[in-house]
Every structure is written in C-alpha cells, then in structure tokens.
Amino acid sequence: MSTTESQSSTGSTAPSGPLAGAVRMGDYWATVYRRTWKGSVITSFVTPLLYILAMGVLLGGFIEGDPDQLEGATSYLAFVAPGLLAAQAMTVVFGELTYPVMGMIKWQRTFYGMIASPLEIADVVLAHVGFVLFRVGTTCAVFTAVMAPFGVFDSLWGVLLAFPAQLLIGLAFAGPLYAISAGMRNESGFSLVFRLGMIPMFLFSGAFFPIANLGPVMEWLARLTPLWHGVDLTRMLVLGRVDWSLAAIHVAYLTAFAVVGYLLAVRILKKRLVD
C-alpha cells in the first residue's frame with residue numbers, strides 16, 4: 001500500500017491549507033468554550049453596565065453635551081459608549097492571547113501536541129485567532145445589548161455596521177499580541193504589555209475624551225494606535241456621522257495590523273516550537 005493510500009485509510013492526511021486546518025480544530029475550541037463560558041458570562045453583562053453607569057450616566061451628568069466638543073455626540077453618554085465598545089474588543093483580545101498563549105507553549109504544552117498531528121503552525125494560529133474572534137463577537141454583542149436601553153445609539157444601521165468593526169478591531173490586536181506572547185520566554189513581560197500597552201491605549205485613545213485635548217505630540221501618538229482608529233470608526237458609525245474616506249483609512253490601517261500580525265505570529269511560533 002502506498003503512503004498516500006495509507007494516510008487516506010487512517011484519516012491522517014494533512015489539511016490542504018490553514019483554513020482547512022483551522023476548521024478541523026473547531027471541535028477542540030468548541031469544547032474549550034463549553035467548559036469555560038460560565039466564567040465570563042456574568043462579567044460580560046456586569047462590566048458594560050458598570051461602565052455605562054459610572055462613566056456615562058454619573059460622570060456624564062457633569063459634562064455638557066456639546067456636539068462641537070464631543071465629535072458630534074449630543075451627550076457625554078453617547079460619546080463614551082462607542083469608545084467603551086471598541087475598548088472592550090481590545091481588552092478581550094488581551095485577556096485571551098497573553099497568559100493563555102504562554103500556557104499552551106510553556107505550561108500545558110498544548111501546541112506541541114497539536115503540531116505533532118498533520119496540523120501546521122499556521123493552522124494552529126488561525127484556529128486560535130478564530131476562537132478569540134468568536135469571543136470578541138459574543139462579548140461585544142452582549143455589551144451592545146446592555147447599552148441599548150440607555151438610548152446611546154442614534155443610528156440602527158450604524159450599530160449593525162459597528163459589529164463587524166469590532167471584529168476587525170479584535171483582529172488588529174490579535175495578530176501582534178499573539179506574536180508578542182509567542183516570543184516571550186516567561187510571563188513577567190506581560191506586566192509591561194498591560195502597563196505600557198493596553199492601559200495607556202484604553203485611557204488615551206479617544207474612548208473617554210477627544211484626543212485633541214492631549215496636545216499636538218500626544219495626539220499624534222494616539223492617532224498611531226489601532227485602538228484610536230477602532231474608536232473613531234465605531235463612534236462615527238454609531239452616531240451616524242460617517243466620513244467614508246476616513247472610515248476607509250481606519251479599515252485599511254486595522255486590516256494591515258491584522259495581516260502583518262498574523263504573519264509575524266506564525267513565524268515566531270514556528271521558530272519557538274519547531275526551529
């Protein structure tokens with residue numbers, strides 16, 4: 001019997017591409033989610049509710065809703081809600097692709113078992129990113145549902161378009177963060193990733209106030225962050241005040257981060273596990 005016939009009879013033929021390999025891993029990630037979803041279901045509802053009450057309702061009551069000062073929003077609540085939604089997409093990715101990636105390399109060594117099968121590194125990364133994208137989608141959908149009763153959305157079609165924008169934001173962070181986590185030798189570096197990466201972007205990328213208030217240099221730096229592009233894209237969609245040329249720039253910028261990050265993640269994880 002030839003090698004090809006032997007592989008066909010045992011069902012061990014290699015996937016024909018990363019997408020096919022990622023689909024084969026669907027059962028694994030579905031099992032992971034079935035065993036872990038209860039740990040996040042409460043915070044998925046409580047976190048957006050507390051943010052909206054604290055930042056939008058309570059703090060927003062002290063801020064005059066001037067559309068000229070709030071990028072077209074008629075209230076601070078309407079201004080901050082889209083920013084919080086975009087920031088939520090980012091924080092989900094940080095939670096899913098820092099310590100979990102380290103664990104699958106260093107502690108549980110799950111990745112080694114995966115690549116011992118016909119799966120390739122690209123299959124493993126694409127499947128993992130796909131699972132994280134699912135987590136971003138479900139979390140942001142819940143976030144949106146919790147915010148809806150507060151009347152913060154001015155455009156229904158904009159809210160519908162904002163959902164795929166959150167997926168793009170998640171992808172823009174997933175690839176680069178995956179590459180960083182795959183290249184780390186121990187978990188001590190994650191403190192810098194959160195303190196110098198996630199937290200400054202969360203605070204100074206336009207989610208809570210217009211970045212024009214930061215000054216010329218800091219405003220320029222804020223515009224370089226993928227979260228600012230995600231926040232601005234989400235806000236213009238939700239408020240129904242879309243500058244389509246600027247929206248296209250946001251989409252292109254986030255897409256570039258996603259593609260380059262994915263390629264780097266595959267390369268670095270391969271170097272870590274195989275080379």
# chains A, B, ... in the order shown; residues from 1 in each chain; ligands from 1
$ residues_around --residues "region 261-275 of chain A" --least-positions-apart "3" --cutoff "8 Å" --atoms "only C-alpha atoms" --output "list in words"
Tyr112, Ile121, Ala122, Val125, Ala172, Phe173, Ala174, Gly175, Pro176, Leu177, Tyr178, Ala179, Ile180, Ala182, Gly183, Phe257 and Ala258 of chain A
$ write_last_selection --atoms "N, CA, C and O atoms" --output "PDB file, in the first residue's frame"
ATOM      1  N   TYR A 112       2.427  21.768  21.280  1.00  0.00           N
ATOM      2  CA  TYR A 112       3.296  20.681  20.829  1.00  0.00           C
ATOM      3  C   TYR A 112       2.470  19.473  20.409  1.00  0.00           C
ATOM      4  O   TYR A 112       2.807  18.783  19.434  1.00  0.00           O
ATOM      5  N   ILE A 121       1.691  25.059  11.876  1.00  0.00           N
ATOM      6  CA  ILE A 121       1.656  26.208  12.776  1.00  0.00           C
ATOM      7  C   ILE A 121       0.591  27.208  12.333  1.00  0.00           C
ATOM      8  O   ILE A 121      -0.149  27.760  13.153  1.00  0.00           O
ATOM      9  N   ALA A 122       0.517  27.461  11.020  1.00  0.00           N
ATOM     10  CA  ALA A 122      -0.476  28.420  10.513  1.00  0.00           C
ATOM     11  C   ALA A 122      -1.893  27.969  10.845  1.00  0.00           C
ATOM     12  O   ALA A 122      -2.759  28.810  11.142  1.00  0.00           O
ATOM     13  N   VAL A 125      -2.499  28.748  14.670  1.00  0.00           N
ATOM     14  CA  VAL A 125      -2.673  30.177  14.940  1.00  0.00           C
ATOM     15  C   VAL A 125      -4.018  30.659  14.411  1.00  0.00           C
ATOM     16  O   VAL A 125      -4.749  31.388  15.100  1.00  0.00           O
ATOM     17  N   ALA A 172      -7.086  43.209  14.591  1.00  0.00           N
ATOM     18  CA  ALA A 172      -5.936  44.108  14.556  1.00  0.00           C
ATOM     19  C   ALA A 172      -5.034  43.923  15.766  1.00  0.00           C
ATOM     20  O   ALA A 172      -3.810  44.085  15.672  1.00  0.00           O
ATOM     21  N   PHE A 173      -5.624  43.572  16.893  1.00  0.00           N
ATOM     22  CA  PHE A 173      -4.821  43.339  18.096  1.00  0.00           C
ATOM     23  C   PHE A 173      -4.382  41.883  18.220  1.00  0.00           C
ATOM     24  O   PHE A 173      -3.349  41.598  18.823  1.00  0.00           O
ATOM     25  N   ALA A 174      -5.163  40.963  17.661  1.00  0.00           N
ATOM     26  CA  ALA A 174      -4.892  39.545  17.865  1.00  0.00           C
ATOM     27  C   ALA A 174      -3.542  39.117  17.307  1.00  0.00           C
ATOM     28  O   ALA A 174      -2.753  38.453  17.987  1.00  0.00           O
ATOM     29  N   GLY A 175      -3.264  39.471  16.058  1.00  0.00           N
ATOM     30  CA  GLY A 175      -2.017  39.046  15.432  1.00  0.00           C
ATOM     31  C   GLY A 175      -0.777  39.554  16.144  1.00  0.00           C
ATOM     32  O   GLY A 175       0.094  38.770  16.551  1.00  0.00           O
ATOM     33  N   PRO A 176      -0.642  40.886  16.317  1.00  0.00           N
ATOM     34  CA  PRO A 176       0.545  41.403  17.008  1.00  0.00           C
ATOM     35  C   PRO A 176       0.694  40.876  18.425  1.00  0.00           C
ATOM     36  O   PRO A 176       1.803  40.554  18.870  1.00  0.00           O
ATOM     37  N   LEU A 177      -0.415  40.785  19.163  1.00  0.00           N
ATOM     38  CA  LEU A 177      -0.324  40.310  20.543  1.00  0.00           C
ATOM     39  C   LEU A 177       0.046  38.833  20.593  1.00  0.00           C
ATOM     40  O   LEU A 177       0.802  38.399  21.477  1.00  0.00           O
ATOM     41  N   TYR A 178      -0.455  38.066  19.641  1.00  0.00           N
ATOM     42  CA  TYR A 178      -0.097  36.654  19.547  1.00  0.00           C
ATOM     43  C   TYR A 178       1.408  36.520  19.318  1.00  0.00           C
ATOM     44  O   TYR A 178       2.079  35.685  19.935  1.00  0.00           O
ATOM     45  N   ALA A 179       1.938  37.352  18.425  1.00  0.00           N
ATOM     46  CA  ALA A 179       3.367  37.316  18.131  1.00  0.00           C
ATOM     47  C   ALA A 179       4.193  37.666  19.360  1.00  0.00           C
ATOM     48  O   ALA A 179       5.217  37.021  19.650  1.00  0.00           O
ATOM     49  N   ILE A 180       3.759  38.678  20.107  1.00  0.00           N
ATOM     50  CA  ILE A 180       4.478  39.073  21.320  1.00  0.00           C
ATOM     51  C   ILE A 180       4.464  37.942  22.345  1.00  0.00           C
ATOM     52  O   ILE A 180       5.495  37.594  22.933  1.00  0.00           O
ATOM     53  N   ALA A 182       3.957  34.725  21.875  1.00  0.00           N
ATOM     54  CA  ALA A 182       4.685  33.549  21.407  1.00  0.00           C
ATOM     55  C   ALA A 182       6.191  33.724  21.552  1.00  0.00           C
ATOM     56  O   ALA A 182       6.921  32.747  21.713  1.00  0.00           O
ATOM     57  N   GLY A 183       6.656  34.960  21.500  1.00  0.00           N
ATOM     58  CA  GLY A 183       8.083  35.198  21.593  1.00  0.00           C
ATOM     59  C   GLY A 183       8.613  35.333  23.009  1.00  0.00           C
ATOM     60  O   GLY A 183       9.833  35.300  23.222  1.00  0.00           O
ATOM     61  N   PHE A 257      -2.670  45.890  10.306  1.00  0.00           N
ATOM     62  CA  PHE A 257      -2.227  45.347  11.599  1.00  0.00           C
ATOM     63  C   PHE A 257      -2.588  43.868  11.703  1.00  0.00           C
ATOM     64  O   PHE A 257      -1.785  43.055  12.180  1.00  0.00           O
ATOM     65  N   ALA A 258      -3.800  43.514  11.280  1.00  0.00           N
ATOM     66  CA  ALA A 258      -4.256  42.129  11.387  1.00  0.00           C
ATOM     67  C   ALA A 258      -3.414  41.194  10.529  1.00  0.00           C
ATOM     68  O   ALA A 258      -2.981  40.129  10.988  1.00  0.00           O
TER      69      ALA A 258
END
$ select_by_dssp --residues "region 27-79 of chain A" --states "helix (DSSP H, G or I)" --output "PyMOL selection string"
chain A and resi 27-36+38-62+76-79
$ residues_around --residues "region 196-206 of chain A" --least-positions-apart "4" --cutoff "10 Å" --atoms "only C-alpha atoms" --output "ChimeraX atom specification"
/A:79-80,83-84,86-88,90-91,94,190-192,210-214,218-219,221-232,235
$ closest_atom_pairs --of "region 118-173 of chain A" --to "region 47-68 of chain A" --cutoff "8 Å" --atoms "only C-alpha atoms" --output "JSON lines"
{"residue": "A:Phe143", "atom": "CA", "partner": "A:Pro48", "partner_atom": "CA", "distance": 5.6}
{"residue": "A:Val146", "atom": "CA", "partner": "A:Leu49", "partner_atom": "CA", "distance": 6.4}
{"residue": "A:Met147", "atom": "CA", "partner": "A:Ile52", "partner_atom": "CA", "distance": 7.2}
$ decode --residues "region 249-270 of chain A" --atoms "N, CA, C and O atoms" --output "PDB file, in the first residue's frame"
ATOM      1  N   ILE A 249      -9.726  54.695   5.640  1.00  0.00           N
ATOM      2  CA  ILE A 249      -8.371  54.723   6.211  1.00  0.00           C
ATOM      3  C   ILE A 249      -8.320  53.879   7.478  1.00  0.00           C
ATOM      4  O   ILE A 249      -7.378  53.111   7.700  1.00  0.00           O
ATOM      5  N   HIS A 250      -9.347  54.018   8.322  1.00  0.00           N
ATOM      6  CA  HIS A 250      -9.403  53.213   9.547  1.00  0.00           C
ATOM      7  C   HIS A 250      -9.408  51.719   9.228  1.00  0.00           C
ATOM      8  O   HIS A 250      -8.667  50.934   9.836  1.00  0.00           O
ATOM      9  N   VAL A 251     -10.237  51.329   8.276  1.00  0.00           N
ATOM     10  CA  VAL A 251     -10.342  49.911   7.911  1.00  0.00           C
ATOM     11  C   VAL A 251      -9.018  49.401   7.359  1.00  0.00           C
ATOM     12  O   VAL A 251      -8.554  48.304   7.711  1.00  0.00           O
ATOM     13  N   ALA A 252      -8.379  50.188   6.494  1.00  0.00           N
ATOM     14  CA  ALA A 252      -7.096  49.771   5.915  1.00  0.00           C
ATOM     15  C   ALA A 252      -6.020  49.650   6.983  1.00  0.00           C
ATOM     16  O   ALA A 252      -5.215  48.708   6.972  1.00  0.00           O
ATOM     17  N   TYR A 253      -5.991  50.583   7.910  1.00  0.00           N
ATOM     18  CA  TYR A 253      -4.988  50.570   8.985  1.00  0.00           C
ATOM     19  C   TYR A 253      -5.164  49.336   9.865  1.00  0.00           C
ATOM     20  O   TYR A 253      -4.193  48.623  10.174  1.00  0.00           O
ATOM     21  N   LEU A 254      -6.392  49.068  10.278  1.00  0.00           N
ATOM     22  CA  LEU A 254      -6.657  47.914  11.131  1.00  0.00           C
ATOM     23  C   LEU A 254      -6.400  46.609  10.389  1.00  0.00           C
ATOM     24  O   LEU A 254      -5.875  45.647  10.973  1.00  0.00           O
ATOM     25  N   THR A 255      -6.740  46.568   9.120  1.00  0.00           N
ATOM     26  CA  THR A 255      -6.501  45.362   8.320  1.00  0.00           C
ATOM     27  C   THR A 255      -5.012  45.088   8.187  1.00  0.00           C
ATOM     28  O   THR A 255      -4.567  43.934   8.267  1.00  0.00           O
ATOM     29  N   ALA A 256      -4.224  46.136   7.989  1.00  0.00           N
ATOM     30  CA  ALA A 256      -2.773  45.968   7.888  1.00  0.00           C
ATOM     31  C   ALA A 256      -2.203  45.396   9.182  1.00  0.00           C
ATOM     32  O   ALA A 256      -1.349  44.502   9.157  1.00  0.00           O
ATOM     33  N   PHE A 257      -2.670  45.890  10.306  1.00  0.00           N
ATOM     34  CA  PHE A 257      -2.227  45.347  11.599  1.00  0.00           C
ATOM     35  C   PHE A 257      -2.588  43.868  11.703  1.00  0.00           C
ATOM     36  O   PHE A 257      -1.785  43.055  12.180  1.00  0.00           O
ATOM     37  N   ALA A 258      -3.800  43.514  11.280  1.00  0.00           N
ATOM     38  CA  ALA A 258      -4.256  42.129  11.387  1.00  0.00           C
ATOM     39  C   ALA A 258      -3.414  41.194  10.529  1.00  0.00           C
ATOM     40  O   ALA A 258      -2.981  40.129  10.988  1.00  0.00           O
ATOM     41  N   VAL A 259      -3.157  41.577   9.275  1.00  0.00           N
ATOM     42  CA  VAL A 259      -2.427  40.712   8.352  1.00  0.00           C
ATOM     43  C   VAL A 259      -0.968  40.573   8.759  1.00  0.00           C
ATOM     44  O   VAL A 259      -0.433  39.455   8.858  1.00  0.00           O
ATOM     45  N   VAL A 260      -0.311  41.692   9.007  1.00  0.00           N
ATOM     46  CA  VAL A 260       1.106  41.646   9.395  1.00  0.00           C
ATOM     47  C   VAL A 260       1.271  40.913  10.718  1.00  0.00           C
ATOM     48  O   VAL A 260       2.197  40.118  10.902  1.00  0.00           O
ATOM     49  N   GLY A 261       0.359  41.171  11.654  1.00  0.00           N
ATOM     50  CA  GLY A 261       0.434  40.499  12.947  1.00  0.00           C
ATOM     51  C   GLY A 261       0.283  39.001  12.837  1.00  0.00           C
ATOM     52  O   GLY A 261       0.996  38.238  13.498  1.00  0.00           O
ATOM     53  N   TYR A 262      -0.636  38.552  11.981  1.00  0.00           N
ATOM     54  CA  TYR A 262      -0.833  37.113  11.790  1.00  0.00           C
ATOM     55  C   TYR A 262       0.425  36.461  11.214  1.00  0.00           C
ATOM     56  O   TYR A 262       0.855  35.399  11.679  1.00  0.00           O
ATOM     57  N   LEU A 263       1.012  37.090  10.217  1.00  0.00           N
ATOM     58  CA  LEU A 263       2.226  36.534   9.610  1.00  0.00           C
ATOM     59  C   LEU A 263       3.368  36.474  10.609  1.00  0.00           C
ATOM     60  O   LEU A 263       4.118  35.490  10.659  1.00  0.00           O
ATOM     61  N   LEU A 264       3.493  37.511  11.429  1.00  0.00           N
ATOM     62  CA  LEU A 264       4.530  37.502  12.460  1.00  0.00           C
ATOM     63  C   LEU A 264       4.264  36.422  13.505  1.00  0.00           C
ATOM     64  O   LEU A 264       5.198  35.750  13.970  1.00  0.00           O
ATOM     65  N   ALA A 265       2.996  36.259  13.872  1.00  0.00           N
ATOM     66  CA  ALA A 265       2.646  35.249  14.878  1.00  0.00           C
ATOM     67  C   ALA A 265       3.017  33.857  14.400  1.00  0.00           C
ATOM     68  O   ALA A 265       3.582  33.049  15.151  1.00  0.00           O
ATOM     69  N   VAL A 266       2.698  33.549  13.144  1.00  0.00           N
ATOM     70  CA  VAL A 266       3.034  32.241  12.586  1.00  0.00           C
ATOM     71  C   VAL A 266       4.549  32.047  12.564  1.00  0.00           C
ATOM     72  O   VAL A 266       5.066  30.987  12.942  1.00  0.00           O
ATOM     73  N   ARG A 267       5.262  33.054  12.139  1.00  0.00           N
ATOM     74  CA  ARG A 267       6.722  32.947  12.032  1.00  0.00           C
ATOM     75  C   ARG A 267       7.375  32.756  13.402  1.00  0.00           C
ATOM     76  O   ARG A 267       8.245  31.901  13.571  1.00  0.00           O
ATOM     77  N   ILE A 268       6.937  33.553  14.378  1.00  0.00           N
ATOM     78  CA  ILE A 268       7.558  33.477  15.713  1.00  0.00           C
ATOM     79  C   ILE A 268       7.189  32.190  16.424  1.00  0.00           C
ATOM     80  O   ILE A 268       8.038  31.561  17.075  1.00  0.00           O
ATOM     81  N   LEU A 269       5.928  31.751  16.317  1.00  0.00           N
ATOM     82  CA  LEU A 269       5.534  30.499  16.963  1.00  0.00           C
ATOM     83  C   LEU A 269       6.258  29.308  16.321  1.00  0.00           C
ATOM     84  O   LEU A 269       6.662  28.375  17.030  1.00  0.00           O
ATOM     85  N   LYS A 270       6.441  29.347  15.010  1.00  0.00           N
ATOM     86  CA  LYS A 270       7.183  28.276  14.342  1.00  0.00           C
ATOM     87  C   LYS A 270       8.626  28.235  14.831  1.00  0.00           C
ATOM     88  O   LYS A 270       9.178  27.158  15.087  1.00  0.00           O
TER      89      LYS A 270
END
